[in-house]
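Structure file coords30.pdb (PDB, C-alpha atoms, pLDDT in the B column) follows.
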```pdb
ATOM      1  CA  MET A  27     158.997 154.227  96.425  1.00 45.00           C
ATOM      2  CA  GLY A  28     158.866 154.784  92.684  1.00 48.00           C
ATOM      3  CA  ARG A  29     159.434 152.157  90.013  1.00 47.00           C
ATOM      4  CA  GLY A  30     162.969 153.411  89.283  1.00 48.00           C
ATOM      5  CA  GLU A  31     164.089 153.504  92.921  1.00 52.00           C
ATOM      6  CA  VAL A  32     166.223 150.786  94.412  1.00 51.00           C
ATOM      7  CA  GLY A  33     165.568 149.214  97.807  1.00 60.00           C
ATOM      8  CA  THR A  34     162.780 149.432 100.337  1.00 74.00           C
ATOM      9  CA  SER A  35     162.116 152.526 102.394  1.00 88.00           C
ATOM     10  CA  ASP A  36     163.393 152.289 105.966  1.00 93.00           C
ATOM     11  CA  ASN A  37     160.154 153.893 107.110  1.00 95.00           C
ATOM     12  CA  LEU A  38     158.109 151.232 105.338  1.00 96.00           C
ATOM     13  CA  ILE A  39     159.967 148.546 107.309  1.00 96.00           C
ATOM     14  CA  ARG A  40     159.475 150.615 110.475  1.00 96.00           C
ATOM     15  CA  THR A  41     155.763 150.891 109.708  1.00 97.00           C
ATOM     16  CA  VAL A  42     155.341 147.116 109.420  1.00 96.00           C
ATOM     17  CA  ALA A  43     157.407 146.576 112.594  1.00 97.00           C
ATOM     18  CA  TYR A  44     155.243 149.055 114.465  1.00 97.00           C
ATOM     19  CA  MET A  45     152.031 147.413 113.292  1.00 95.00           C
ATOM     20  CA  GLU A  46     153.107 143.808 113.736  1.00 95.00           C
ATOM     21  CA  SER A  47     154.898 143.965 117.084  1.00 96.00           C
ATOM     22  CA  ASP A  48     155.109 147.473 118.539  1.00 93.00           C
ATOM     23  CA  TRP A  49     158.821 147.055 117.870  1.00 93.00           C
ATOM     24  CA  TYR A  50     159.403 143.838 119.851  1.00 94.00           C
ATOM     25  CA  GLN A  51     161.362 140.968 118.325  1.00 95.00           C
ATOM     26  CA  SER A  52     159.867 138.707 121.024  1.00 96.00           C
ATOM     27  CA  ASN A  53     156.417 139.090 119.389  1.00 95.00           C
ATOM     28  CA  TYR A  54     154.507 135.945 118.410  1.00 96.00           C
ATOM     29  CA  GLY A  55     151.007 135.127 117.181  1.00 94.00           C
ATOM     30  CA  ASP A  56     148.868 133.539 114.442  1.00 94.00           C
ATOM     31  CA  PHE A  57     148.057 130.416 116.440  1.00 96.00           C
ATOM     32  CA  ILE A  58     147.187 127.081 114.838  1.00 96.00           C
ATOM     33  CA  ASP A  59     145.565 123.915 116.199  1.00 96.00           C
ATOM     34  CA  ASP A  60     147.608 121.434 114.151  1.00 94.00           C
ATOM     35  CA  ARG A  61     150.522 119.920 116.086  1.00 93.00           C
ATOM     36  CA  VAL A  62     152.219 118.955 112.793  1.00 92.00           C
ATOM     37  CA  GLY A  63     152.502 122.641 111.827  1.00 91.00           C
ATOM     38  CA  CYS A  64     153.864 123.759 115.198  1.00 95.00           C
ATOM     39  CA  PRO A  65     157.483 124.954 115.225  1.00 95.00           C
ATOM     40  CA  ALA A  66     160.042 122.929 117.219  1.00 93.00           C
ATOM     41  CA  GLY A  67     159.564 123.475 120.932  1.00 93.00           C
ATOM     42  CA  TYR A  68     155.902 124.532 120.608  1.00 94.00           C
ATOM     43  CA  GLN A  69     153.762 121.477 121.243  1.00 87.00           C
ATOM     44  CA  THR A  70     150.964 123.016 123.320  1.00 94.00           C
ATOM     45  CA  LEU A  71     147.945 123.762 121.159  1.00 97.00           C
ATOM     46  CA  PRO A  72     147.201 126.243 119.889  1.00 97.00           C
ATOM     47  CA  CYS A  73     150.808 127.087 118.983  1.00 97.00           C
ATOM     48  CA  PRO A  74     152.182 130.287 117.426  1.00 97.00           C
ATOM     49  CA  VAL A  75     153.564 130.266 113.870  1.00 96.00           C
ATOM     50  CA  THR A  76     154.323 133.980 113.392  1.00 96.00           C
ATOM     51  CA  PHE A  77     157.300 135.505 115.151  1.00 97.00           C
ATOM     52  CA  GLY A  78     159.503 138.549 115.285  1.00 96.00           C
ATOM     53  CA  ILE A  79     159.463 142.273 114.878  1.00 97.00           C
ATOM     54  CA  VAL A  80     157.742 142.238 111.469  1.00 97.00           C
ATOM     55  CA  GLY A  81     155.533 139.168 111.947  1.00 96.00           C
ATOM     56  CA  THR A  82     157.326 136.622 109.768  1.00 96.00           C
ATOM     57  CA  LYS A  83     155.107 133.546 109.453  1.00 95.00           C
ATOM     58  CA  SER A  84     156.883 130.190 109.750  1.00 93.00           C
ATOM     59  CA  THR A  85     154.222 128.384 107.734  1.00 90.00           C
ATOM     60  CA  SER A  86     154.710 130.777 104.810  1.00 90.00           C
ATOM     61  CA  TRP A  87     158.499 130.536 104.832  1.00 89.00           C
ATOM     62  CA  PRO A  88     159.548 126.909 105.437  1.00 89.00           C
ATOM     63  CA  GLY A  89     162.910 126.726 107.145  1.00 92.00           C
ATOM     64  CA  ILE A  90     162.811 130.271 108.542  1.00 95.00           C
ATOM     65  CA  PHE A  91     162.098 129.113 112.106  1.00 96.00           C
ATOM     66  CA  PRO A  92     163.856 129.729 114.557  1.00 97.00           C
ATOM     67  CA  TRP A  93     165.504 132.611 112.688  1.00 96.00           C
ATOM     68  CA  ASN A  94     162.266 134.605 112.490  1.00 96.00           C
ATOM     69  CA  ARG A  95     161.886 134.238 116.254  1.00 97.00           C
ATOM     70  CA  ASP A  96     165.491 134.880 117.243  1.00 97.00           C
ATOM     71  CA  SER A  97     166.913 137.306 114.669  1.00 97.00           C
ATOM     72  CA  THR A  98     165.571 140.742 113.859  1.00 96.00           C
ATOM     73  CA  ALA A  99     167.826 140.835 110.803  1.00 96.00           C
ATOM     74  CA  ALA A 100     166.474 137.541 109.439  1.00 96.00           C
ATOM     75  CA  ALA A 101     162.862 138.570 110.021  1.00 95.00           C
ATOM     76  CA  VAL A 102     163.358 141.948 108.323  1.00 96.00           C
ATOM     77  CA  ASP A 103     165.290 140.362 105.440  1.00 95.00           C
ATOM     78  CA  VAL A 104     162.316 138.101 104.712  1.00 96.00           C
ATOM     79  CA  LEU A 105     159.966 141.102 104.726  1.00 96.00           C
ATOM     80  CA  GLY A 106     162.285 143.049 102.424  1.00 95.00           C
ATOM     81  CA  ALA A 107     162.556 140.126 100.026  1.00 94.00           C
ATOM     82  CA  TRP A 108     158.775 139.660 100.053  1.00 95.00           C
ATOM     83  CA  LEU A 109     158.086 143.332  99.358  1.00 96.00           C
ATOM     84  CA  ARG A 110     160.630 143.508  96.557  1.00 95.00           C
ATOM     85  CA  GLY A 111     159.486 140.297  94.888  1.00 95.00           C
ATOM     86  CA  CYS A 112     155.829 141.219  95.186  1.00 95.00           C
ATOM     87  CA  TYR A 113     156.486 144.728  93.886  1.00 95.00           C
ATOM     88  CA  GLU A 114     158.361 143.332  90.888  1.00 95.00           C
ATOM     89  CA  GLY A 115     155.431 141.052  90.019  1.00 95.00           C
ATOM     90  CA  TRP A 116     157.059 137.791  91.115  1.00 95.00           C
ATOM     91  CA  ALA A 117     154.273 136.767  93.541  1.00 92.00           C
ATOM     92  CA  TRP A 118     152.347 135.238  90.622  1.00 89.00           C
ATOM     93  CA  TRP A 119     150.143 133.098  92.921  1.00 86.00           C
ATOM     94  CA  LEU A 120     148.451 136.285  94.194  1.00 88.00           C
ATOM     95  CA  ARG A 121     146.715 136.649  90.822  1.00 85.00           C
ATOM     96  CA  GLY A 122     144.300 133.915  91.871  1.00 78.00           C
ATOM     97  CA  TYR A 123     143.543 135.292  95.340  1.00 69.00           C
ATOM     98  CA  GLY A 124     141.815 138.245  96.851  1.00 62.00           C
ATOM     99  CA  ASN A 125     139.010 140.633  96.123  1.00 62.00           C
ATOM    100  CA  ARG A 126     138.839 140.779  92.315  1.00 65.00           C
ATOM    101  CA  SER A 127     136.298 143.625  92.462  1.00 66.00           C
ATOM    102  CA  HIS A 128     139.233 145.811  93.504  1.00 68.00           C
ATOM    103  CA  GLY A 129     141.579 144.553  90.796  1.00 75.00           C
ATOM    104  CA  THR A 130     144.000 141.692  90.430  1.00 84.00           C
ATOM    105  CA  TYR A 131     147.627 141.485  91.459  1.00 89.00           C
ATOM    106  CA  GLN A 132     150.161 143.160  89.226  1.00 88.00           C
ATOM    107  CA  ALA A 133     153.653 144.561  89.593  1.00 93.00           C
ATOM    108  CA  GLY A 134     154.207 148.027  90.980  1.00 94.00           C
ATOM    109  CA  ASP A 135     151.635 148.209  93.801  1.00 92.00           C
ATOM    110  CA  LEU A 136     153.809 148.482  96.902  1.00 93.00           C
ATOM    111  CA  TRP A 137     150.927 149.161  99.296  1.00 92.00           C
ATOM    112  CA  GLY A 138     149.049 146.159  97.911  1.00 90.00           C
ATOM    113  CA  CYS A 139     152.149 144.098  98.716  1.00 93.00           C
ATOM    114  CA  VAL A 140     152.184 145.479 102.265  1.00 93.00           C
ATOM    115  CA  GLY A 141     148.559 144.366 102.658  1.00 90.00           C
ATOM    116  CA  ALA A 142     149.357 140.943 101.218  1.00 90.00           C
ATOM    117  CA  TRP A 143     152.189 140.546 103.767  1.00 92.00           C
ATOM    118  CA  ASN A 144     149.537 140.691 106.459  1.00 89.00           C
ATOM    119  CA  SER A 145     146.626 138.858 104.847  1.00 84.00           C
ATOM    120  CA  GLY A 146     148.280 136.492 102.382  1.00 83.00           C
ATOM    121  CA  ASP A 147     145.716 137.781  99.892  1.00 82.00           C
ATOM    122  CA  TRP A 148     145.558 140.448  97.229  1.00 83.00           C
ATOM    123  CA  LEU A 149     143.279 143.257  98.423  1.00 79.00           C
ATOM    124  CA  GLY A 150     141.354 140.575 100.251  1.00 66.00           C
ATOM    125  CA  GLY A 151     138.382 140.924 102.517  1.00 52.00           C
ATOM    126  CA  ALA A 152     136.012 143.727 103.322  1.00 47.00           C
ATOM    127  CA  PRO A 153     137.769 147.005 104.235  1.00 48.00           C
ATOM    128  CA  ALA A 154     135.936 147.219 107.559  1.00 46.00           C
ATOM    129  CA  GLN A 155     137.363 143.904 108.786  1.00 50.00           C
ATOM    130  CA  LEU A 156     140.358 144.417 111.053  1.00 47.00           C
ATOM    131  CA  GLY A 157     143.435 142.670 109.731  1.00 49.00           C
ATOM    132  CA  THR A 158     142.374 142.258 106.113  1.00 61.00           C
ATOM    133  CA  GLY A 159     144.757 143.372 103.405  1.00 64.00           C
ATOM    134  CA  GLU A 160     142.943 146.591 102.537  1.00 74.00           C
ATOM    135  CA  ASN A 161     142.405 147.615 106.157  1.00 85.00           C
ATOM    136  CA  TYR A 162     146.051 146.823 106.911  1.00 88.00           C
ATOM    137  CA  MET A 163     147.150 148.915 103.909  1.00 89.00           C
ATOM    138  CA  ALA A 164     145.123 151.920 105.045  1.00 90.00           C
ATOM    139  CA  ARG A 165     146.494 151.687 108.576  1.00 92.00           C
ATOM    140  CA  ALA A 166     150.037 151.241 107.232  1.00 94.00           C
ATOM    141  CA  GLN A 167     149.736 154.337 105.054  1.00 94.00           C
ATOM    142  CA  HIS A 168     148.554 156.311 108.082  1.00 95.00           C
ATOM    143  CA  PHE A 169     151.420 155.154 110.316  1.00 96.00           C
ATOM    144  CA  TYR A 170     153.905 155.677 107.486  1.00 96.00           C
ATOM    145  CA  GLN A 171     152.863 159.345 107.433  1.00 95.00           C
ATOM    146  CA  VAL A 172     152.688 159.999 111.205  1.00 96.00           C
ATOM    147  CA  GLU A 173     155.866 158.011 112.114  1.00 96.00           C
ATOM    148  CA  PRO A 174     154.812 156.994 115.646  1.00 96.00           C
ATOM    149  CA  TRP A 175     158.286 155.566 116.340  1.00 95.00           C
ATOM    150  CA  LEU A 176     159.578 159.173 116.499  1.00 95.00           C
ATOM    151  CA  GLN A 177     157.204 160.121 119.330  1.00 93.00           C
ATOM    152  CA  PRO A 178     158.622 160.663 122.822  1.00 94.00           C
ATOM    153  CA  GLY A 179     158.269 157.589 125.002  1.00 88.00           C
ATOM    154  CA  PHE A 180     158.007 155.122 122.134  1.00 87.00           C
TER     155      PHE A 180
END
```

Render the structure in this file as structure tokens.
Amino acid sequence: MGRGEVGTSDNLIRTVAYMESDWYQSNYGDFIDDRVGCPAGYQTLPCPVTFGIVGTKSTSWPGIFPWNRDSTAAAVDVLGAWLRGCYEGWAWWLRGYGNRSHGTYQAGDLWGCVGAWNSGDWLGGAPAQLGTGENYMARAQHFYQVEPWLQPGF
């Protein structure tokens, strides 16, 4: 997606959905041990706080639960809004986070925003660590190219 283009690529959304949930809205994860942070109906510790096809985290988006759990559209809308805002440079708090040896947050880095969706950091962590922003970005770029959702039996 270039700077002058409008919207988010369908395949970018598909890539995140593939990575976060293997395409299942019933997906959940990112467990916490704090009963106060547990969504309504989840009192057994540890409880999940991330739900849905694209892994929308309830603790990052107050008020999104139960929509992120129950609605694919709501979950994907949050991802789209995050990617657009981050890409435009509106995620100002990312300037203080992440691996500064790889640069600081600035507008226009869509893949950096994809990594931050997963890690909550800007280019955070060592690339070899599974799940860090940079590792997530590299995997996302790979899946974006190979489009596994088009394979027979997916």

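Minimum atom-to-atom distances from A:Ile58, A:Ile90, A:Leu120, A:Ala101 to Gly78 (chain A) were compared using only C-alpha atoms, and the lowest value belongs to A:Ala101.
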
Inset, instruction - Extract, using only C-alpha atoms, all DNA, RNA and protein residues at most 8 Å from Ala133 (chain A), discarding same-chain residues fewer than 2 positions from it, and format them as a list in words. - result: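 In the requested form, the answer reads Cys112, Tyr113, Glu114, Gly115, Trp116, Tyr131 and Asp135 of chain A.
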
Legend entry - One-decimal distance in Å that lies between CA of Lys83 (chain A) and CA of Leu71 (chain A): 16.9 Å

Inset, instruction - Might you pull out every residue within 8 Å of region 46-50 of chain A, with all atoms listed in the file counted and same-chain residues fewer than 6 positions away left off, and present them as a ChimeraX atom specification? - result: /A:78-81

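CA of Glu160 (chain A) is found 18.8 Å from CA of Arg40 (chain A).
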
Legend entry - Distance criterion (only C-alpha atoms): nearest to Glu173 (chain A) out of A:Phe57, A:Trp119, A:Trp148, A:Tyr44: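 Smallest distance to Glu173 (chain A) is found for A:Tyr44.
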
Inset, instruction - Within 12 Å of (164.2, 136.4, 115.7) (coordinates as in the file), grab all the protein and nucleic acid residues, counting all atoms listed in the file, and write them out as a ChimeraX atom specification. - result: /A:50-54,76-84,90-104

Inset, instruction - Would you mind listing what lies within 10 Å of Gly63 (chain A) as a PyMOL selection string, with all atoms listed in the file counted and same-chain residues fewer than 4 positions away left out? - result: chain A and resi 58-59+68-69+73-75+84-85

Missing atoms in region 160-171 of chain A should be modelled up to all heavy atoms and reported as an mmCIF file, keeping the file's coordinate frame.
```
data_model
loop_
_atom_site.group_PDB
_atom_site.id
_atom_site.type_symbol
_atom_site.label_atom_id
_atom_site.label_comp_id
_atom_site.auth_asym_id
_atom_site.auth_seq_id
_atom_site.Cartn_x
_atom_site.Cartn_y
_atom_site.Cartn_z
ATOM 1 N N GLU A 160 143.255 145.189 102.803
ATOM 2 C CA GLU A 160 142.943 146.591 102.537
ATOM 3 C C GLU A 160 142.942 147.425 103.812
ATOM 4 O O GLU A 160 143.424 148.553 103.813
ATOM 5 C CB GLU A 160 141.604 146.717 101.823
ATOM 6 C CG GLU A 160 141.676 146.267 100.387
ATOM 7 C CD GLU A 160 140.364 146.451 99.665
ATOM 8 O OE1 GLU A 160 139.327 145.987 100.184
ATOM 9 O OE2 GLU A 160 140.389 147.066 98.605
ATOM 10 N N ASN A 161 142.404 146.896 104.894
ATOM 11 C CA ASN A 161 142.405 147.615 106.157
ATOM 12 C C ASN A 161 143.848 147.800 106.633
ATOM 13 O O ASN A 161 144.218 148.875 107.097
ATOM 14 C CB ASN A 161 141.578 146.855 107.188
ATOM 15 C CG ASN A 161 141.472 147.612 108.484
ATOM 16 O OD1 ASN A 161 142.354 147.520 109.329
ATOM 17 N ND2 ASN A 161 140.410 148.366 108.635
ATOM 18 N N TYR A 162 144.648 146.766 106.514
ATOM 19 C CA TYR A 162 146.051 146.823 106.911
ATOM 20 C C TYR A 162 146.785 147.879 106.090
ATOM 21 O O TYR A 162 147.581 148.646 106.621
ATOM 22 C CB TYR A 162 146.676 145.444 106.719
ATOM 23 C CG TYR A 162 148.044 145.274 107.318
ATOM 24 C CD1 TYR A 162 148.191 144.897 108.650
ATOM 25 C CD2 TYR A 162 149.192 145.443 106.548
ATOM 26 C CE1 TYR A 162 149.442 144.702 109.200
ATOM 27 C CE2 TYR A 162 150.442 145.252 107.086
ATOM 28 C CZ TYR A 162 150.568 144.884 108.413
ATOM 29 O OH TYR A 162 151.810 144.688 108.952
ATOM 30 N N MET A 163 146.524 147.912 104.786
ATOM 31 C CA MET A 163 147.150 148.915 103.909
ATOM 32 C C MET A 163 146.806 150.325 104.363
ATOM 33 O O MET A 163 147.685 151.187 104.437
ATOM 34 C CB MET A 163 146.652 148.765 102.466
ATOM 35 C CG MET A 163 147.320 147.713 101.683
ATOM 36 S SD MET A 163 146.711 147.563 99.968
ATOM 37 C CE MET A 163 145.413 148.707 99.774
ATOM 38 N N ALA A 164 145.552 150.577 104.633
ATOM 39 C CA ALA A 164 145.123 151.920 105.045
ATOM 40 C C ALA A 164 145.790 152.317 106.360
ATOM 41 O O ALA A 164 146.261 153.452 106.504
ATOM 42 C CB ALA A 164 143.601 151.974 105.174
ATOM 43 N N ARG A 165 145.830 151.401 107.307
ATOM 44 C CA ARG A 165 146.494 151.687 108.576
ATOM 45 C C ARG A 165 147.984 151.909 108.367
ATOM 46 O O ARG A 165 148.576 152.804 108.964
ATOM 47 C CB ARG A 165 146.235 150.551 109.564
ATOM 48 C CG ARG A 165 144.785 150.503 110.009
ATOM 49 C CD ARG A 165 144.420 149.363 110.966
ATOM 50 N NE ARG A 165 145.470 148.797 111.747
ATOM 51 C CZ ARG A 165 145.843 147.513 111.705
ATOM 52 N NH1 ARG A 165 145.222 146.670 110.894
ATOM 53 N NH2 ARG A 165 146.801 147.067 112.471
ATOM 54 N N ALA A 166 148.600 151.097 107.506
ATOM 55 C CA ALA A 166 150.037 151.241 107.232
ATOM 56 C C ALA A 166 150.334 152.604 106.612
ATOM 57 O O ALA A 166 151.302 153.272 106.990
ATOM 58 C CB ALA A 166 150.518 150.115 106.324
ATOM 59 N N GLN A 167 149.519 153.031 105.675
ATOM 60 C CA GLN A 167 149.736 154.337 105.054
ATOM 61 C C GLN A 167 149.624 155.458 106.082
ATOM 62 O O GLN A 167 150.396 156.420 106.046
ATOM 63 C CB GLN A 167 148.755 154.543 103.897
ATOM 64 C CG GLN A 167 149.091 153.660 102.718
ATOM 65 C CD GLN A 167 148.008 153.633 101.663
ATOM 66 O OE1 GLN A 167 146.822 153.847 101.944
ATOM 67 N NE2 GLN A 167 148.408 153.353 100.434
ATOM 68 N N HIS A 168 148.688 155.323 107.008
ATOM 69 C CA HIS A 168 148.554 156.311 108.082
ATOM 70 C C HIS A 168 149.811 156.345 108.948
ATOM 71 O O HIS A 168 150.388 157.412 109.183
ATOM 72 C CB HIS A 168 147.320 155.996 108.934
ATOM 73 C CG HIS A 168 147.275 156.778 110.200
ATOM 74 N ND1 HIS A 168 146.941 158.119 110.240
ATOM 75 C CD2 HIS A 168 147.551 156.411 111.476
ATOM 76 C CE1 HIS A 168 147.009 158.540 111.488
ATOM 77 N NE2 HIS A 168 147.362 157.522 112.260
ATOM 78 N N PHE A 169 150.246 155.194 109.443
ATOM 79 C CA PHE A 169 151.420 155.154 110.316
ATOM 80 C C PHE A 169 152.693 155.560 109.581
ATOM 81 O O PHE A 169 153.595 156.157 110.176
ATOM 82 C CB PHE A 169 151.578 153.770 110.951
ATOM 83 C CG PHE A 169 150.494 153.457 111.944
ATOM 84 C CD1 PHE A 169 149.805 152.262 111.866
ATOM 85 C CD2 PHE A 169 150.147 154.346 112.948
ATOM 86 C CE1 PHE A 169 148.799 151.957 112.770
ATOM 87 C CE2 PHE A 169 149.134 154.057 113.859
ATOM 88 C CZ PHE A 169 148.461 152.859 113.765
ATOM 89 N N TYR A 170 152.768 155.259 108.299
ATOM 90 C CA TYR A 170 153.905 155.677 107.486
ATOM 91 C C TYR A 170 154.017 157.205 107.481
ATOM 92 O O TYR A 170 155.114 157.757 107.525
ATOM 93 C CB TYR A 170 153.731 155.144 106.063
ATOM 94 C CG TYR A 170 154.887 155.399 105.137
ATOM 95 C CD1 TYR A 170 156.002 154.565 105.144
ATOM 96 C CD2 TYR A 170 154.862 156.457 104.233
ATOM 97 C CE1 TYR A 170 157.063 154.786 104.279
ATOM 98 C CE2 TYR A 170 155.920 156.683 103.363
ATOM 99 C CZ TYR A 170 157.017 155.845 103.397
ATOM 100 O OH TYR A 170 158.065 156.066 102.541
ATOM 101 N N GLN A 171 152.877 157.878 107.444
ATOM 102 C CA GLN A 171 152.863 159.345 107.433
ATOM 103 C C GLN A 171 153.147 159.942 108.813
ATOM 104 O O GLN A 171 153.866 160.925 108.915
ATOM 105 C CB GLN A 171 151.506 159.863 106.922
ATOM 106 C CG GLN A 171 151.242 159.565 105.471
ATOM 107 C CD GLN A 171 152.271 160.188 104.541
ATOM 108 O OE1 GLN A 171 152.645 161.338 104.710
ATOM 109 N NE2 GLN A 171 152.746 159.403 103.591
#
```
